[in-house]
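Below: the structure, in structure tokens.
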Amino acid sequence: MKKILVTGANGQLGSEIKVLAGNYPDFDFIFTDIADFPLDKTEEIIANFKLVQPDIVINCAAYTAVDKAEQDQVTADAINHLAIGTLADLCHQSGAKLVHVSTDYVFDGTSPIAYKEEDKPNPKSVYGVTKLAGEIACSKNCPESIIIRTAWVYSEFGNNFVKTMLRLMTERDSLGVVNDQIGSPTYAADLAQVILTILDSGKWEPGIYHYSNEGEISWFDFAMDIKEIAQKSCEVKGIPASSYPTPAERPAFSLLDKSKIKAVYGIEPVDYKISLKTMMAKLGE
């Protein structure tokens with residue numbers, strides 16, 4: 001039985017892996033979060049890793065407060081970069097496999113077409129810079145690792161755009177949503193399934209992969225879909241990102257090309273709207 005250490009297990013992705021874990025009786029999952037596996041403390045990472053002695057690590061943990069990271073650079077770097085280097089080194093030394101989750105924020109958003117894995121990163125935020133540094137440390141310290149970049153993650157667990165929109169549409173008569181940032185949402189349950197499918201396949205092809213649901217939309221489009229499915233009466237207006245300034249710069253275009261993960265692992269991403277309906281049904285919407 002393979003022992004799988006999951007970090008960040010109380011976050012959106014980690015929680016979805018918990019839901020699916022029972023479908024994989026050949027895997028022994030050890031779910032940890034910041035309380036028992038803090039990634040900002042190197043000594044504890046090392047001690048906990050040696051205690052668990054995993055065969056596989058799925059790193060779902062990250063400092064994801066994008067705007068807060070602009071002022072809290074030390075903590076963001078410790079969790080998104082330095083900790084990943086330590087984990088990767090431990091995996092390499094012990095022979096454990098490592099799946100590390102990264103982000104579309106490593107790109108600057110200026111591409112006219114969907115980003116491929118080999119496209120040059122150029123992050124514009126502290127969050128993006130630290131996540132890219134984590135990717136580099138992961139690849140350097142554990143060349144046999146798999147890195148999956150994803151984008152616009154949402155789930156019935158935790159805080160995310162879908163749940164925020166549902167709340168605001170209930171509280172307000174109207175709201176503005178950015179209509180000039182383009183990408184594709186990712187239902188965390190789908191990403192969790194992709195990761196477990198890779199691990200269960202017995203096929204291990206190291207490198208960077210892109211994964212999201214299918215579709216090319218703006219945040220405004222996403223909000224309108226949420227409104228339609230939930231049958232809310234709130235008026236939703238499209239606004240430019242310049243009308244909603246944030247401390248951290250977001251990529252204006254962060255669509256990810258998923259050709260590689262389709263070709264290597266036979267993954268067929270679900271259309272974003274199908275997954276959105278699935279998730280909202282679980283919320284009772």
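Residues are referred to by chain and number: the chain letter is A, B, ... according to the order shown in the structure tokens, the number counts from 1 in that chain, and ligands are numbered separately from 1 in the order shown.
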
**Request:** Determine, counting only C-alpha atoms, which protein, DNA and RNA residues have an atom within 9 Å of an atom of A:Asn48; residues of the same chain fewer than 5 positions away are not included. Present the result as a list of chain:residue names.
**Result:** A:Asp36, A:Phe37, A:Glu43, A:Gln53

Go through stretch 47-91 of chain A and flag each residue having an atom no more than 12 Å from stretch 194-217 of chain A; for those, report the closest pair of atoms plus their distance in Å to one decimal, using only C-alpha atoms, ordered by chain and rising number, as JSON lines.
{"residue": "A:Asp55", "atom": "CA", "partner": "A:Leu199", "partner_atom": "CA", "distance": 11.0}
{"residue": "A:Ile56", "atom": "CA", "partner": "A:Leu199", "partner_atom": "CA", "distance": 8.7}
{"residue": "A:Val57", "atom": "CA", "partner": "A:Leu199", "partner_atom": "CA", "distance": 10.5}
{"residue": "A:Ile58", "atom": "CA", "partner": "A:Ile195", "partner_atom": "CA", "distance": 8.4}
{"residue": "A:Asn59", "atom": "CA", "partner": "A:Ile195", "partner_atom": "CA", "distance": 10.8}
{"residue": "A:Cys60", "atom": "CA", "partner": "A:Ile195", "partner_atom": "CA", "distance": 10.8}

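For stretch 58-122 of chain A, backbone-based DSSP assignment of alpha helix (DSSP H) covers A:Gln73, A:Val74, A:Thr75, A:Ala76, A:Asp77, A:Ala83, A:Ile84, A:Gly85, A:Thr86, A:Leu87, A:Ala88, A:Asp89, A:Leu90, A:Cys91, A:His92, A:Gln93, A:Ser94.
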
So that I have them on file, write out the residues from the current selection with all heavy atoms, as a compact mmCIF listing (two decimals), in the first residue's frame.
# COMPACT_ATOMS: atom_id res chain seq x y z
N GLN A 73 5.74 39.42 2.17
CA GLN A 73 6.57 38.70 1.21
C GLN A 73 7.39 37.59 1.85
O GLN A 73 7.60 36.54 1.24
CB GLN A 73 7.52 39.70 0.51
CG GLN A 73 6.78 40.76 -0.28
CD GLN A 73 7.72 41.69 -1.03
OE1 GLN A 73 8.87 41.36 -1.31
NE2 GLN A 73 7.24 42.88 -1.35
N VAL A 74 7.84 37.80 3.08
CA VAL A 74 8.68 36.79 3.75
C VAL A 74 7.91 35.49 3.96
O VAL A 74 8.40 34.40 3.67
CB VAL A 74 9.22 37.34 5.09
CG1 VAL A 74 9.93 36.23 5.87
CG2 VAL A 74 10.16 38.51 4.85
N THR A 75 6.69 35.61 4.48
CA THR A 75 5.88 34.41 4.73
C THR A 75 5.49 33.73 3.42
O THR A 75 5.54 32.50 3.30
CB THR A 75 4.61 34.76 5.52
OG1 THR A 75 4.97 35.48 6.70
CG2 THR A 75 3.85 33.51 5.93
N ALA A 76 5.09 34.55 2.43
CA ALA A 76 4.71 33.99 1.13
C ALA A 76 5.87 33.21 0.52
O ALA A 76 5.70 32.11 -0.02
CB ALA A 76 4.24 35.09 0.19
N ASP A 77 7.07 33.76 0.61
CA ASP A 77 8.25 33.10 0.05
C ASP A 77 8.59 31.83 0.83
O ASP A 77 8.97 30.81 0.24
CB ASP A 77 9.44 34.05 0.04
CG ASP A 77 10.62 33.49 -0.74
OD1 ASP A 77 10.49 33.34 -1.97
OD2 ASP A 77 11.66 33.20 -0.11
N ALA A 83 9.81 26.24 1.31
CA ALA A 83 9.27 24.96 1.78
C ALA A 83 9.23 23.93 0.66
O ALA A 83 9.47 22.74 0.88
CB ALA A 83 7.87 25.16 2.34
N ILE A 84 8.96 24.39 -0.55
CA ILE A 84 8.89 23.47 -1.68
C ILE A 84 10.27 22.90 -2.00
O ILE A 84 10.41 21.73 -2.33
CB ILE A 84 8.29 24.15 -2.93
CG1 ILE A 84 6.98 24.87 -2.56
CG2 ILE A 84 8.05 23.13 -4.04
CD1 ILE A 84 6.01 24.06 -1.76
N GLY A 85 11.27 23.75 -1.89
CA GLY A 85 12.64 23.28 -2.08
C GLY A 85 13.00 22.21 -1.07
O GLY A 85 13.63 21.20 -1.41
N THR A 86 12.58 22.42 0.18
CA THR A 86 12.85 21.43 1.24
C THR A 86 12.11 20.13 0.97
O THR A 86 12.68 19.03 1.05
CB THR A 86 12.44 21.99 2.61
OG1 THR A 86 13.16 23.21 2.87
CG2 THR A 86 12.73 21.00 3.72
N LEU A 87 10.82 20.24 0.65
CA LEU A 87 10.01 19.04 0.36
C LEU A 87 10.59 18.27 -0.82
O LEU A 87 10.68 17.03 -0.79
CB LEU A 87 8.57 19.46 0.04
CG LEU A 87 7.52 19.43 1.15
CD1 LEU A 87 6.18 19.87 0.59
CD2 LEU A 87 7.41 18.06 1.79
N ALA A 88 10.95 19.00 -1.86
CA ALA A 88 11.50 18.36 -3.06
C ALA A 88 12.80 17.64 -2.75
O ALA A 88 13.04 16.52 -3.23
CB ALA A 88 11.71 19.42 -4.15
N ASP A 89 13.64 18.26 -1.94
CA ASP A 89 14.91 17.64 -1.56
C ASP A 89 14.67 16.36 -0.76
O ASP A 89 15.31 15.33 -1.00
CB ASP A 89 15.74 18.64 -0.75
CG ASP A 89 17.16 18.15 -0.50
OD1 ASP A 89 17.79 17.68 -1.47
OD2 ASP A 89 17.63 18.22 0.64
N LEU A 90 13.71 16.41 0.16
CA LEU A 90 13.38 15.24 0.98
C LEU A 90 12.83 14.11 0.10
O LEU A 90 13.17 12.94 0.30
CB LEU A 90 12.36 15.63 2.05
CG LEU A 90 12.90 16.51 3.18
CD1 LEU A 90 11.74 17.11 3.98
CD2 LEU A 90 13.81 15.71 4.11
N CYS A 91 11.99 14.47 -0.86
CA CYS A 91 11.43 13.46 -1.76
C CYS A 91 12.53 12.82 -2.61
O CYS A 91 12.57 11.60 -2.79
CB CYS A 91 10.36 14.09 -2.66
SG CYS A 91 8.81 14.44 -1.82
N HIS A 92 13.42 13.65 -3.12
CA HIS A 92 14.50 13.15 -3.96
C HIS A 92 15.42 12.20 -3.17
O HIS A 92 15.78 11.13 -3.67
CB HIS A 92 15.31 14.32 -4.52
CG HIS A 92 16.44 13.90 -5.41
ND1 HIS A 92 16.23 13.28 -6.63
CD2 HIS A 92 17.79 13.99 -5.26
CE1 HIS A 92 17.40 13.03 -7.19
NE2 HIS A 92 18.36 13.43 -6.38
N GLN A 93 15.75 12.60 -1.95
CA GLN A 93 16.64 11.79 -1.13
C GLN A 93 16.01 10.44 -0.75
O GLN A 93 16.70 9.42 -0.65
CB GLN A 93 17.02 12.56 0.14
CG GLN A 93 17.96 13.73 -0.08
CD GLN A 93 18.30 14.44 1.23
OE1 GLN A 93 18.27 13.85 2.30
NE2 GLN A 93 18.63 15.71 1.12
N SER A 94 14.69 10.46 -0.52
CA SER A 94 14.01 9.25 -0.04
C SER A 94 13.43 8.40 -1.16
O SER A 94 12.98 7.27 -0.93
CB SER A 94 12.88 9.63 0.92
OG SER A 94 11.86 10.32 0.22

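Candidate residues A:Leu13, A:Ala47, A:Ile274, A:Met224 were compared for distance to A:Asn160, and the nearest is A:Leu13, using only C-alpha atoms.
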
**Item:** strand (DSSP E or B) residues, from DSSP on the backbone, in stretch 14-259 of chain A, as a ChimeraX atom specification
**Value:** /A:27-31,56-59,97-103,115,146-150,153-154,174-178,182-183,186-187,207-210,214,217-218,235-239,253,256

Next, dump the selected residues to file, keeping only C-alpha atoms, as a PDB file, in the first residue's frame.
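Output saved as out.pdb:
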ATOM      1  CA  PHE A  27      -3.469   4.220  -1.127  1.00  0.00           C
ATOM      2  CA  ASP A  28      -2.937   5.081   2.533  1.00  0.00           C
ATOM      3  CA  PHE A  29      -3.622   8.815   2.783  1.00  0.00           C
ATOM      4  CA  ILE A  30      -2.120  10.958   5.528  1.00  0.00           C
ATOM      5  CA  PHE A  31      -3.878  14.325   5.469  1.00  0.00           C
ATOM      6  CA  ILE A  56       4.157  10.035  -2.531  1.00  0.00           C
ATOM      7  CA  VAL A  57       3.624  13.684  -1.580  1.00  0.00           C
ATOM      8  CA  ILE A  58       0.796  15.799  -2.978  1.00  0.00           C
ATOM      9  CA  ASN A  59       1.558  19.394  -2.065  1.00  0.00           C
ATOM     10  CA  LYS A  97       7.245  10.899  -5.752  1.00  0.00           C
ATOM     11  CA  LEU A  98       6.165  14.550  -5.578  1.00  0.00           C
ATOM     12  CA  VAL A  99       3.152  16.258  -7.137  1.00  0.00           C
ATOM     13  CA  HIS A 100       3.311  20.015  -6.635  1.00  0.00           C
ATOM     14  CA  VAL A 101       0.454  22.365  -7.534  1.00  0.00           C
ATOM     15  CA  SER A 102       1.290  25.742  -9.055  1.00  0.00           C
ATOM     16  CA  THR A 103      -0.546  28.592 -10.747  1.00  0.00           C
ATOM     17  CA  TYR A 115      -0.028  29.377 -22.399  1.00  0.00           C
ATOM     18  CA  ILE A 146       5.341  16.507 -11.455  1.00  0.00           C
ATOM     19  CA  ILE A 147       4.196  20.132 -11.307  1.00  0.00           C
ATOM     20  CA  ILE A 148       0.603  20.965 -12.242  1.00  0.00           C
ATOM     21  CA  ARG A 149      -0.263  24.591 -12.962  1.00  0.00           C
ATOM     22  CA  THR A 150      -3.923  25.442 -12.559  1.00  0.00           C
ATOM     23  CA  VAL A 153      -9.842  27.301  -8.513  1.00  0.00           C
ATOM     24  CA  TYR A 154     -13.213  26.950  -6.774  1.00  0.00           C
ATOM     25  CA  SER A 174     -26.355  44.983  -8.326  1.00  0.00           C
ATOM     26  CA  LEU A 175     -22.610  44.426  -8.489  1.00  0.00           C
ATOM     27  CA  GLY A 176     -19.723  44.975 -10.886  1.00  0.00           C
ATOM     28  CA  VAL A 177     -17.439  42.157 -12.021  1.00  0.00           C
ATOM     29  CA  VAL A 178     -14.227  42.479 -14.028  1.00  0.00           C
ATOM     30  CA  ILE A 182      -9.682  36.066 -19.359  1.00  0.00           C
ATOM     31  CA  GLY A 183      -9.053  32.486 -18.302  1.00  0.00           C
ATOM     32  CA  THR A 186     -11.003  24.921 -12.355  1.00  0.00           C
ATOM     33  CA  TYR A 187     -13.331  22.888 -10.179  1.00  0.00           C
ATOM     34  CA  GLY A 207       7.640  17.694 -15.742  1.00  0.00           C
ATOM     35  CA  ILE A 208       5.216  20.599 -15.783  1.00  0.00           C
ATOM     36  CA  TYR A 209       1.593  20.170 -16.857  1.00  0.00           C
ATOM     37  CA  HIS A 210      -1.299  22.589 -17.278  1.00  0.00           C
ATOM     38  CA  GLU A 214     -12.402  23.708 -20.692  1.00  0.00           C
ATOM     39  CA  ILE A 217     -14.325  33.299 -20.248  1.00  0.00           C
ATOM     40  CA  SER A 218     -13.979  36.481 -18.190  1.00  0.00           C
ATOM     41  CA  GLU A 235     -27.952  42.917 -11.777  1.00  0.00           C
ATOM     42  CA  VAL A 236     -24.374  42.053 -12.783  1.00  0.00           C
ATOM     43  CA  LYS A 237     -22.398  44.698 -14.667  1.00  0.00           C
ATOM     44  CA  GLY A 238     -19.102  44.203 -16.492  1.00  0.00           C
ATOM     45  CA  ILE A 239     -16.329  46.574 -15.421  1.00  0.00           C
ATOM     46  CA  PHE A 253      -5.066  36.601 -19.926  1.00  0.00           C
ATOM     47  CA  LEU A 256      -3.723  27.387 -20.047  1.00  0.00           C
TER      48      LEU A 256
END

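Interatomic distance, atom CA of A:Leu39 to atom CA of A:Lys124: 23.6 Å.
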
**Prompt:** Counting only C-alpha atoms, what is within 12 Å of A:Lys282, bar same-chain residues fewer than 2 positions away, as a count of residues only?
**Reply:** 13

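When only C-alpha atoms are used to measure the gap to A:Gly134, the shortest distance among A:Lys273, A:His81, A:Lys260, A:Arg167 belongs to A:His81.
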
**Prompt:** Between A:Ile17, A:Cys138, A:Ala263, A:Met1, which is the closest to A:Gln193 once you count only C-alpha atoms?
**Reply:**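 Checking each of A:Ile17, A:Cys138, A:Ala263, A:Met1 against A:Gln193, counting only C-alpha atoms, the winner is A:Ile17.
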
**Request:** For each of A:Asp119, A:Pro240, A:Leu166, A:Asp225, take the minimum atom-to-atom distance to A:Asn179, counting only C-alpha atoms, then give the residue where this is smallest.
**Result:**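 Between A:Asp119, A:Pro240, A:Leu166, A:Asp225, the residue approaching A:Asn179 most closely is A:Pro240.
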
**Request:** Using only C-alpha atoms, pick whichever of A:Ala21, A:Val66, A:Leu191, A:Pro38 has the shortest atom-to-atom distance to A:Ile261.
**Result:**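 Among the listed residues, A:Leu191 lies closest to A:Ile261.
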
**Request:** List the neighbours of A:Ala78 out to 9 Å using only C-alpha atoms; skip same-chain residues closer than 6 positions along the sequence, and give me the result as a list in words.
**Result:**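 In the requested format, the answer is Leu39, Asp40, Lys41, Thr42, Tyr63, Ile84 and Thr130 of chain A.
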
Restricting it to C-alpha atoms, dump the selection as a tab-separated table (two decimals), in the first residue's frame.
chain	number	residue	atom	x	y	z
A	39	LEU	CA	5.38	24.85	5.69
A	40	ASP	CA	6.91	28.02	7.12
A	41	LYS	CA	9.06	26.03	9.56
A	42	THR	CA	11.84	24.06	7.84
A	63	TYR	CA	0.17	30.98	0.59
A	84	ILE	CA	8.89	23.47	-1.68
A	130	THR	CA	7.09	33.07	-5.03

**Message:** Rounded to one decimal, what separation in Å do you get between atom CA of A:Glu144 and atom CA of A:Asn80?
**Reply:** 19.1 Å
